[in-house]
$ cat input-v9.csv   # CSV, C-alpha atoms
chain,number,residue,atom,x,y,z
A,1,MET,CA,-28.7,-10.5,226.1
A,2,TYR,CA,-28.2,-13.2,223.5
A,3,LEU,CA,-27.4,-12.5,219.9
A,4,ILE,CA,-28.9,-15.2,217.7
A,5,ASP,CA,-29.4,-15.9,214.0
A,6,ASP,CA,-32.8,-16.1,212.2
A,7,THR,CA,-35.2,-18.0,214.5
A,8,PRO,CA,-38.8,-19.0,213.9
A,9,HIS,CA,-41.2,-17.0,216.0
A,10,ASP,CA,-43.4,-20.0,216.7
A,11,TRP,CA,-40.5,-21.7,218.4
A,12,LEU,CA,-38.9,-18.7,220.1
A,13,PHE,CA,-41.9,-16.7,221.5
A,14,PRO,CA,-43.4,-19.5,223.6
A,15,ARG,CA,-40.1,-19.5,225.4
A,16,CYS,CA,-40.4,-15.8,226.3
A,17,ARG,CA,-42.4,-13.9,229.0
A,18,ALA,CA,-42.8,-10.8,226.8
A,19,VAL,CA,-41.7,-9.5,223.4
A,20,CYS,CA,-40.3,-6.2,222.2
A,21,HIS,CA,-40.2,-5.6,218.5
A,22,HIS,CA,-40.7,-3.1,215.6
A,23,GLY,CA,-44.4,-3.8,215.3
A,24,GLY,CA,-44.6,-5.4,211.9
A,25,ALA,CA,-48.0,-7.1,211.2
A,26,GLY,CA,-46.5,-10.6,211.1
A,27,THR,CA,-44.3,-10.2,214.2
A,28,THR,CA,-47.2,-8.6,216.1
A,29,ALA,CA,-49.5,-11.4,215.3
A,30,ALA,CA,-46.8,-14.0,216.3
A,31,GLY,CA,-46.3,-12.4,219.7
A,32,LEU,CA,-50.0,-12.1,220.4
A,33,ARG,CA,-50.6,-15.6,219.2
A,34,ALA,CA,-48.1,-16.7,221.8
A,35,GLY,CA,-50.1,-14.8,224.4
A,36,LEU,CA,-47.3,-12.5,225.3
A,37,PRO,CA,-47.4,-8.9,226.5
A,38,THR,CA,-46.0,-6.8,223.7
A,39,VAL,CA,-43.8,-3.8,223.6
A,40,VAL,CA,-43.8,-2.1,220.1
A,41,VAL,CA,-41.0,0.2,219.0
A,42,PRO,CA,-42.2,1.5,215.7
A,43,PHE,CA,-40.1,3.4,213.2
A,44,PHE,CA,-41.9,3.0,209.8
A,45,GLY,CA,-45.2,2.5,208.0
A,46,ASP,CA,-47.9,0.5,209.6
A,47,GLN,CA,-45.8,-0.3,212.7
A,48,PHE,CA,-47.3,2.8,214.5
A,49,PHE,CA,-50.8,1.4,213.7
A,50,TRP,CA,-50.0,-2.0,215.2
A,51,GLY,CA,-48.4,-0.4,218.3
A,52,ARG,CA,-51.6,1.5,218.9
A,53,ILE,CA,-53.7,-1.6,218.3
A,54,VAL,CA,-51.7,-3.5,220.9
A,55,ALA,CA,-51.9,-0.7,223.5
A,56,ASP,CA,-55.7,-0.1,222.9
A,57,ALA,CA,-56.3,-3.9,223.2
A,58,GLY,CA,-54.6,-3.8,226.7
A,59,ALA,CA,-52.0,-6.4,225.6
A,60,GLY,CA,-49.1,-4.1,226.1
A,61,PRO,CA,-48.0,-0.6,227.1
A,62,GLU,CA,-47.9,2.5,225.0
A,63,PRO,CA,-45.7,2.1,221.9
A,64,ILE,CA,-42.2,3.7,222.1
A,65,PRO,CA,-41.3,5.5,218.8
A,66,ILE,CA,-37.7,4.8,217.9
A,67,ARG,CA,-36.6,8.3,218.6
A,68,ARG,CA,-37.8,8.0,222.2
A,69,LEU,CA,-36.2,4.6,222.9
A,70,ASP,CA,-33.9,4.7,225.9
A,71,ILE,CA,-33.3,2.8,229.1
A,72,GLU,CA,-35.9,4.6,231.1
A,73,HIS,CA,-38.7,4.1,228.5
A,74,LEU,CA,-37.8,0.5,227.9
A,75,THR,CA,-37.6,-0.3,231.6
A,76,ALA,CA,-41.0,1.3,232.2
A,77,ALA,CA,-42.5,-0.7,229.3
A,78,PHE,CA,-41.2,-4.0,230.6
A,79,ASP,CA,-42.5,-3.1,234.1
A,80,ALA,CA,-45.9,-2.6,232.5
A,81,CYS,CA,-45.7,-6.0,230.9
A,82,ARG,CA,-45.6,-7.5,234.4
A,83,ARG,CA,-49.0,-6.1,235.4
A,84,PRO,CA,-51.6,-8.9,235.8
A,85,GLN,CA,-54.2,-7.1,233.7
A,86,ILE,CA,-51.8,-6.8,230.7
A,87,ARG,CA,-50.6,-10.4,231.0
A,88,GLU,CA,-54.2,-11.7,231.3
A,89,ARG,CA,-55.3,-9.7,228.3
A,90,ALA,CA,-52.4,-10.9,226.2
A,91,THR,CA,-53.3,-14.5,227.2
A,92,GLU,CA,-56.9,-14.0,226.2
A,93,LEU,CA,-55.9,-12.6,222.8
A,94,GLY,CA,-53.5,-15.5,222.3
A,95,ALA,CA,-56.3,-18.0,222.9
A,96,LEU,CA,-58.6,-16.1,220.4
A,97,LEU,CA,-55.9,-16.0,217.7
A,98,ARG,CA,-55.0,-19.7,218.1
A,99,ALA,CA,-58.6,-20.6,217.8
A,100,SER,CA,-59.0,-18.6,214.6
A,101,ASP,CA,-58.3,-19.9,211.1
A,102,GLY,CA,-56.3,-17.0,209.6
A,103,ALA,CA,-56.3,-18.4,206.1
A,104,GLU,CA,-60.0,-18.9,206.1
A,105,LEU,CA,-60.6,-15.4,207.4
A,106,ALA,CA,-58.3,-13.9,204.7
A,107,ALA,CA,-60.2,-15.9,202.0
A,108,ARG,CA,-63.5,-14.6,203.3
A,109,SER,CA,-62.2,-11.0,203.3
A,110,VAL,CA,-61.0,-11.4,199.7
A,111,GLU,CA,-64.4,-12.8,198.7
A,112,ARG,CA,-66.2,-9.9,200.4
A,113,HIS,CA,-64.2,-7.2,198.7
A,114,LEU,CA,-63.7,-8.9,195.3
A,115,PRO,CA,-65.8,-7.1,192.7
A,116,ALA,CA,-67.0,-10.4,191.2
A,117,LEU,CA,-70.0,-9.0,189.4
A,118,ALA,CA,-67.8,-6.5,187.5
A,119,MET,CA,-65.2,-9.1,186.7
A,120,CYS,CA,-67.4,-11.9,185.5
A,121,CYS,CA,-69.0,-12.6,182.1
A,122,SER,CA,-72.5,-11.2,181.9
A,123,ALA,CA,-73.8,-14.3,180.2
A,124,ASP,CA,-71.9,-16.9,182.3
A,125,PRO,CA,-71.0,-15.7,185.8
A,126,HIS,CA,-68.8,-18.8,186.3
A,127,HIS,CA,-66.3,-17.4,183.9
A,128,LEU,CA,-64.1,-14.3,183.9
A,129,ALA,CA,-64.8,-11.6,181.4
A,130,VAL,CA,-62.0,-11.0,179.0
A,131,VAL,CA,-63.6,-8.8,176.3
A,132,TYR,CA,-66.2,-6.0,176.3
A,133,CYS,CA,-68.8,-6.0,173.6
A,134,ASP,CA,-69.3,-2.5,172.5
A,135,THR,CA,-72.3,-3.5,170.3
A,136,CYS,CA,-74.2,-5.0,173.3
A,137,GLY,CA,-72.6,-3.1,176.1
A,138,VAL,CA,-71.7,-6.2,178.2
A,139,PRO,CA,-68.5,-7.9,179.4
A,140,LEU,CA,-68.0,-11.4,178.1
A,141,CYS,CA,-65.9,-14.5,178.5
A,142,GLU,CA,-64.0,-15.8,175.5
A,143,ALA,CA,-66.5,-18.6,174.7
A,144,CYS,CA,-69.6,-16.3,174.9
A,145,SER,CA,-67.9,-13.7,172.8
A,146,ARG,CA,-67.0,-16.3,170.1
A,147,GLU,CA,-70.3,-18.1,170.1
A,148,ALA,CA,-73.0,-15.5,170.7
A,149,HIS,CA,-71.4,-12.3,169.8
A,150,ALA,CA,-69.5,-13.2,166.6
A,151,GLY,CA,-69.0,-10.2,164.4
A,152,HIS,CA,-69.7,-7.7,167.1
A,153,LEU,CA,-67.3,-4.8,168.0
A,154,VAL,CA,-65.3,-5.9,171.0
A,155,HIS,CA,-62.2,-4.8,172.8
A,156,PRO,CA,-60.1,-6.3,175.7
A,157,TYR,CA,-61.6,-6.0,179.1
A,158,ARG,CA,-59.9,-6.3,182.4
A,159,TYR,CA,-61.1,-5.1,185.8
A,160,VAL,CA,-57.4,-4.5,186.5
A,161,ASP,CA,-54.7,-5.4,184.1
A,162,TRP,CA,-51.9,-7.2,186.0
A,163,GLY,CA,-49.8,-7.7,182.8
A,164,GLY,CA,-46.1,-7.9,183.3
A,165,ARG,CA,-43.8,-5.1,182.2
A,166,ALA,CA,-40.4,-5.3,180.6
A,167,PRO,CA,-37.5,-4.7,183.0
A,168,HIS,CA,-36.1,-1.1,183.1
A,169,GLY,CA,-33.1,-1.7,185.3
A,170,LEU,CA,-32.8,-1.0,189.0
A,171,LEU,CA,-33.0,2.8,188.8
A,172,GLY,CA,-35.9,2.7,186.5
A,173,GLU,CA,-37.8,0.2,188.7
A,174,MET,CA,-37.1,2.2,191.8
A,175,GLY,CA,-38.3,5.4,190.1
A,176,GLU,CA,-41.5,3.8,188.9
A,177,MET,CA,-42.1,2.2,192.3
A,178,MET,CA,-41.9,5.6,194.1
A,179,GLY,CA,-44.0,7.2,191.4
A,180,ASP,CA,-46.7,4.5,191.6
A,181,ALA,CA,-46.7,4.7,195.4
A,182,ALA,CA,-47.4,8.5,195.2
A,183,LEU,CA,-50.1,8.0,192.5
A,184,ALA,CA,-51.7,5.2,194.5
A,185,LEU,CA,-52.0,7.6,197.4
A,186,GLN,CA,-53.6,10.1,195.0
A,187,ALA,CA,-56.0,7.4,193.8
A,188,GLY,CA,-57.0,6.5,197.3
A,189,LEU,CA,-57.8,10.2,198.0
A,190,ALA,CA,-59.7,10.4,194.8
A,191,GLU,CA,-62.0,7.6,196.0
A,192,LEU,CA,-63.2,10.0,198.7
A,193,LEU,CA,-64.4,12.4,196.0
A,194,PRO,CA,-67.4,12.0,193.7
A,195,ARG,CA,-66.5,9.9,190.7
A,196,ILE,CA,-66.5,11.8,187.4
A,197,GLY,CA,-66.9,10.0,184.2
A,198,ALA,CA,-66.4,6.3,183.2
A,199,GLY,CA,-63.5,4.0,183.3
A,200,ASN,CA,-60.9,4.1,180.5
A,201,HIS,CA,-59.9,1.6,177.8
A,202,GLY,CA,-61.6,-1.5,179.1
A,203,VAL,CA,-60.6,-1.1,182.7
A,204,LEU,CA,-63.0,-0.5,185.6
A,205,PHE,CA,-61.9,1.3,188.7
A,206,SER,CA,-65.2,1.0,190.6
A,207,ASP,CA,-68.1,-1.4,190.6
A,208,GLY,CA,-70.4,1.1,189.0
A,209,GLY,CA,-68.2,2.2,186.2
A,210,GLU,CA,-68.6,1.2,182.5
A,211,PRO,CA,-65.5,0.8,180.3
A,212,SER,CA,-65.3,3.2,177.4
A,213,ARG,CA,-64.4,2.2,173.8
A,214,ALA,CA,-60.8,1.3,173.3
A,215,ASP,CA,-58.6,3.7,171.4
A,216,GLY,CA,-56.4,1.0,169.9
A,217,GLY,CA,-54.1,0.8,172.9
A,218,GLY,CA,-56.1,-1.9,174.7
A,219,PRO,CA,-56.7,-1.9,178.4
A,220,VAL,CA,-54.9,0.6,180.7
A,221,ARG,CA,-51.7,-0.9,182.0
A,222,LYS,CA,-50.5,1.9,184.3
A,223,LEU,CA,-52.3,3.7,187.1
A,224,ARG,CA,-50.7,7.0,186.0
A,225,ARG,CA,-52.4,6.8,182.6
A,226,TRP,CA,-55.7,6.6,184.3
A,227,LEU,CA,-54.9,9.5,186.6
A,228,ALA,CA,-53.7,11.6,183.7
A,229,SER,CA,-57.0,11.2,182.0
A,230,ARG,CA,-59.1,12.3,185.0
$ encode --input "input-v9.csv" --output "structure tokens"
Amino acid sequence: MYLIDDTPHDWLFPRCRAVCHHGGAGTTAAGLRAGLPTVVVPFFGDQFFWGRIVADAGAGPEPIPIRRLDIEHLTAAFDACRRPQIRERATELGALLRASDGAELAARSVERHLPALAMCCSADPHHLAVVYCDTCGVPLCEACSREAHAGHLVHPYRYVDWGGRAPHGLLGEMGEMMGDAALALQAGLAELLPRIGAGNHGVLFSDGGEPSRADGGGPVRKLRRWLASR
């Protein structure tokens, strides 16, 4: 056993015959990209998911949850990594990953999921909508609002408002982070239920929603304000 400092995966892994790690998305990708049989020891979050993905792909043994990690389980896992079928499968996946352009695939995924129609100006789809014309019922970019809708009743329009917030201190930020995480989970579950009503204060939360009139507060800045209004 060698204890080392931080070392780049793309340098270290090609010098290994197998890898054993926590199962983070990036580390899992690096190990498979190197074509190595992978042992995942998950303890948190998506690590259990990636451990299952590796095992189901045949590139490694069953994951070992941290509470079950001991000499016997780790020895059995490394013995499994010596099996020809696991080594061959890991090699195949490594070749596929190295032949893939991850950045291009990520960009395509963003483009597929980006609600561009709801975010763009109704008159000029090449520009982002920044106001919603209550008079005409359409989202508009700044130029179209100024030139073709002068004098109309408008309010700020954001598909999602990513505006910054003033710092609240460490405890405040941690409290808000935990609260937002819980509310995000609720929001995710809410998407499984029929949508009731429209968006709120110039913010859309689905492609089919229509923003309501502003109440003077501008676009919604916090998810909890939206959930409270449901």
$ atom_distance --input "input-v9.csv" --atom1 "atom CA of Cys81 of chain A" --atom2 "atom CA of Gly45 of chain A"
24.4 Å
$ closest_residue --input "input-v9.csv" --among "A:Val19, A:Leu32, A:Ala150, A:Val54" --to "Leu96 of chain A" --atoms "only C-alpha atoms"
A:Leu32
$ closest_residue --input "input-v9.csv" --among "A:Glu111, A:Gly58, A:Thr28, A:Arg146" --to "Ala80 of chain A" --atoms "only C-alpha atoms"
A:Gly58
$ residues_near_point --input "input-v9.csv" --point "(-42.5, 0.0, 215.3)" --cutoff "12 Å" --atoms "all atoms listed in the file" --output "number ranges by chain"
A: 20-25, 27-28, 38-54, 62-69
$ atom_distance --input "input-v9.csv" --atom1 "atom CA of Asp10 of chain A" --atom2 "atom CA of Ser109 of chain A"
24.8 Å
$ atom_distance --input "input-v9.csv" --atom1 "atom CA of Ala148 of chain A" --atom2 "atom CA of His127 of chain A"
14.9 Å
$ residues_near_point --input "input-v9.csv" --point "(-47.3, -15.0, 220.1)" --cutoff "8 Å" --atoms "only C-alpha atoms" --output "mmCIF file with C-alpha atoms, in the coordinates of the input"
data_model
loop_
_atom_site.group_PDB
_atom_site.id
_atom_site.type_symbol
_atom_site.label_atom_id
_atom_site.label_comp_id
_atom_site.auth_asym_id
_atom_site.auth_seq_id
_atom_site.Cartn_x
_atom_site.Cartn_y
_atom_site.Cartn_z
ATOM 1 C CA HIS A 9 -41.200 -17.000 216.000
ATOM 2 C CA ASP A 10 -43.400 -20.000 216.700
ATOM 3 C CA PHE A 13 -41.900 -16.700 221.500
ATOM 4 C CA PRO A 14 -43.400 -19.500 223.600
ATOM 5 C CA THR A 28 -47.200 -8.600 216.100
ATOM 6 C CA ALA A 29 -49.500 -11.400 215.300
ATOM 7 C CA ALA A 30 -46.800 -14.000 216.300
ATOM 8 C CA GLY A 31 -46.300 -12.400 219.700
ATOM 9 C CA LEU A 32 -50.000 -12.100 220.400
ATOM 10 C CA ARG A 33 -50.600 -15.600 219.200
ATOM 11 C CA ALA A 34 -48.100 -16.700 221.800
ATOM 12 C CA GLY A 35 -50.100 -14.800 224.400
ATOM 13 C CA LEU A 36 -47.300 -12.500 225.300
ATOM 14 C CA GLY A 94 -53.500 -15.500 222.300
#
$ closest_residue --input "input-v9.csv" --among "A:His155, A:Pro139, A:Pro37, A:His73" --to "Glu92 of chain A" --atoms "all atoms listed in the file"
A:Pro37
$ residues_around --input "input-v9.csv" --residues "Thr135 of chain A" --least-positions-apart "3" --cutoff "9 Å" --atoms "all atoms listed in the file" --output "list in words"
Tyr132, Val138, His149, His152, Leu153 and Val154 of chain A
$ decode --input "input-v9.csv" --residues "segment 80-115 of chain A" --atoms "N, CA and C atoms" --output "mmCIF file, in the first residue's frame"
data_model
loop_
_atom_site.group_PDB
_atom_site.id
_atom_site.type_symbol
_atom_site.label_atom_id
_atom_site.label_comp_id
_atom_site.auth_asym_id
_atom_site.auth_seq_id
_atom_site.Cartn_x
_atom_site.Cartn_y
_atom_site.Cartn_z
ATOM 1 N N ALA A 80 -12.946 -11.087 -8.235
ATOM 2 C CA ALA A 80 -13.889 -10.974 -9.347
ATOM 3 C C ALA A 80 -13.299 -10.136 -10.470
ATOM 4 N N CYS A 81 -12.516 -9.123 -10.140
ATOM 5 C CA CYS A 81 -11.915 -8.255 -11.154
ATOM 6 C C CYS A 81 -10.912 -9.004 -12.024
ATOM 7 N N ARG A 82 -10.469 -10.178 -11.576
ATOM 8 C CA ARG A 82 -9.515 -10.969 -12.363
ATOM 9 C C ARG A 82 -10.219 -11.851 -13.388
ATOM 10 N N ARG A 83 -11.555 -11.931 -13.301
ATOM 11 C CA ARG A 83 -12.275 -12.781 -14.245
ATOM 12 C C ARG A 83 -12.162 -12.217 -15.658
ATOM 13 N N PRO A 84 -11.906 -13.065 -16.640
ATOM 14 C CA PRO A 84 -11.729 -12.586 -18.020
ATOM 15 C C PRO A 84 -12.925 -11.795 -18.540
ATOM 16 N N GLN A 85 -14.145 -12.248 -18.208
ATOM 17 C CA GLN A 85 -15.320 -11.552 -18.752
ATOM 18 C C GLN A 85 -15.447 -10.134 -18.204
ATOM 19 N N ILE A 86 -15.067 -9.917 -16.941
ATOM 20 C CA ILE A 86 -15.133 -8.575 -16.373
ATOM 21 C C ILE A 86 -14.037 -7.696 -16.960
ATOM 22 N N ARG A 87 -12.841 -8.239 -17.115
ATOM 23 C CA ARG A 87 -11.756 -7.460 -17.699
ATOM 24 C C ARG A 87 -12.070 -7.099 -19.150
ATOM 25 N N GLU A 88 -12.641 -8.029 -19.886
ATOM 26 C CA GLU A 88 -12.978 -7.764 -21.288
ATOM 27 C C GLU A 88 -14.068 -6.700 -21.392
ATOM 28 N N ARG A 89 -15.057 -6.794 -20.511
ATOM 29 C CA ARG A 89 -16.144 -5.813 -20.564
ATOM 30 C C ARG A 89 -15.629 -4.421 -20.207
ATOM 31 N N ALA A 90 -14.756 -4.345 -19.202
ATOM 32 C CA ALA A 90 -14.179 -3.054 -18.835
ATOM 33 C C ALA A 90 -13.351 -2.478 -19.982
ATOM 34 N N THR A 91 -12.627 -3.332 -20.673
ATOM 35 C CA THR A 91 -11.838 -2.880 -21.817
ATOM 36 C C THR A 91 -12.740 -2.334 -22.920
ATOM 37 N N GLU A 92 -13.862 -3.021 -23.172
ATOM 38 C CA GLU A 92 -14.802 -2.562 -24.198
ATOM 39 C C GLU A 92 -15.389 -1.198 -23.835
ATOM 40 N N LEU A 93 -15.787 -1.042 -22.582
ATOM 41 C CA LEU A 93 -16.361 0.235 -22.162
ATOM 42 C C LEU A 93 -15.329 1.352 -22.237
ATOM 43 N N GLY A 94 -14.070 1.027 -21.888
ATOM 44 C CA GLY A 94 -13.020 2.032 -21.979
ATOM 45 C C GLY A 94 -12.847 2.532 -23.401
ATOM 46 N N ALA A 95 -12.892 1.611 -24.355
ATOM 47 C CA ALA A 95 -12.748 2.006 -25.759
ATOM 48 C C ALA A 95 -13.916 2.883 -26.205
ATOM 49 N N LEU A 96 -15.127 2.542 -25.754
ATOM 50 C CA LEU A 96 -16.301 3.350 -26.111
ATOM 51 C C LEU A 96 -16.199 4.756 -25.529
ATOM 52 N N LEU A 97 -15.781 4.851 -24.263
ATOM 53 C CA LEU A 97 -15.681 6.163 -23.631
ATOM 54 C C LEU A 97 -14.601 7.023 -24.283
ATOM 55 N N ARG A 98 -13.480 6.413 -24.602
ATOM 56 C CA ARG A 98 -12.397 7.187 -25.221
ATOM 57 C C ARG A 98 -12.769 7.652 -26.622
ATOM 58 N N ALA A 99 -13.673 6.931 -27.260
ATOM 59 C CA ALA A 99 -14.100 7.317 -28.611
ATOM 60 C C ALA A 99 -15.234 8.342 -28.577
ATOM 61 N N SER A 100 -15.758 8.627 -27.392
ATOM 62 C CA SER A 100 -16.876 9.552 -27.264
ATOM 63 C C SER A 100 -16.380 10.942 -26.898
ATOM 64 N N ASP A 101 -17.042 11.955 -27.429
ATOM 65 C CA ASP A 101 -16.751 13.345 -27.083
ATOM 66 C C ASP A 101 -17.726 13.760 -25.991
ATOM 67 N N GLY A 102 -17.279 13.678 -24.732
ATOM 68 C CA GLY A 102 -18.162 13.950 -23.611
ATOM 69 C C GLY A 102 -18.719 15.352 -23.609
ATOM 70 N N ALA A 103 -17.891 16.323 -23.978
ATOM 71 C CA ALA A 103 -18.368 17.711 -24.005
ATOM 72 C C ALA A 103 -19.470 17.892 -25.046
ATOM 73 N N GLU A 104 -19.313 17.274 -26.201
ATOM 74 C CA GLU A 104 -20.323 17.376 -27.250
ATOM 75 C C GLU A 104 -21.628 16.709 -26.814
ATOM 76 N N LEU A 105 -21.512 15.538 -26.176
ATOM 77 C CA LEU A 105 -22.707 14.840 -25.698
ATOM 78 C C LEU A 105 -23.427 15.664 -24.637
ATOM 79 N N ALA A 106 -22.652 16.305 -23.751
ATOM 80 C CA ALA A 106 -23.266 17.148 -22.718
ATOM 81 C C ALA A 106 -23.982 18.344 -23.343
ATOM 82 N N ALA A 107 -23.344 18.952 -24.352
ATOM 83 C CA ALA A 107 -23.961 20.100 -25.025
ATOM 84 C C ALA A 107 -25.263 19.690 -25.708
ATOM 85 N N ARG A 108 -25.271 18.522 -26.346
ATOM 86 C CA ARG A 108 -26.490 18.046 -26.996
ATOM 87 C C ARG A 108 -27.594 17.788 -25.972
ATOM 88 N N SER A 109 -27.213 17.236 -24.828
ATOM 89 C CA SER A 109 -28.194 16.964 -23.781
ATOM 90 C C SER A 109 -28.821 18.264 -23.279
ATOM 91 N N VAL A 110 -27.985 19.296 -23.080
ATOM 92 C CA VAL A 110 -28.503 20.594 -22.638
ATOM 93 C C VAL A 110 -29.471 21.149 -23.673
ATOM 94 N N GLU A 111 -29.098 21.044 -24.949
ATOM 95 C CA GLU A 111 -29.953 21.569 -26.011
ATOM 96 C C GLU A 111 -31.278 20.811 -26.082
ATOM 97 N N ARG A 112 -31.238 19.495 -25.842
ATOM 98 C CA ARG A 112 -32.471 18.709 -25.876
ATOM 99 C C ARG A 112 -33.424 19.110 -24.753
ATOM 100 N N HIS A 113 -32.857 19.399 -23.593
ATOM 101 C CA HIS A 113 -33.702 19.661 -22.427
ATOM 102 C C HIS A 113 -33.970 21.140 -22.186
ATOM 103 N N LEU A 114 -33.249 22.010 -22.872
ATOM 104 C CA LEU A 114 -33.445 23.442 -22.663
ATOM 105 C C LEU A 114 -34.791 23.873 -23.226
ATOM 106 N N PRO A 115 -35.640 24.494 -22.432
ATOM 107 C CA PRO A 115 -36.960 24.938 -22.916
ATOM 108 C C PRO A 115 -36.840 26.219 -23.731
#
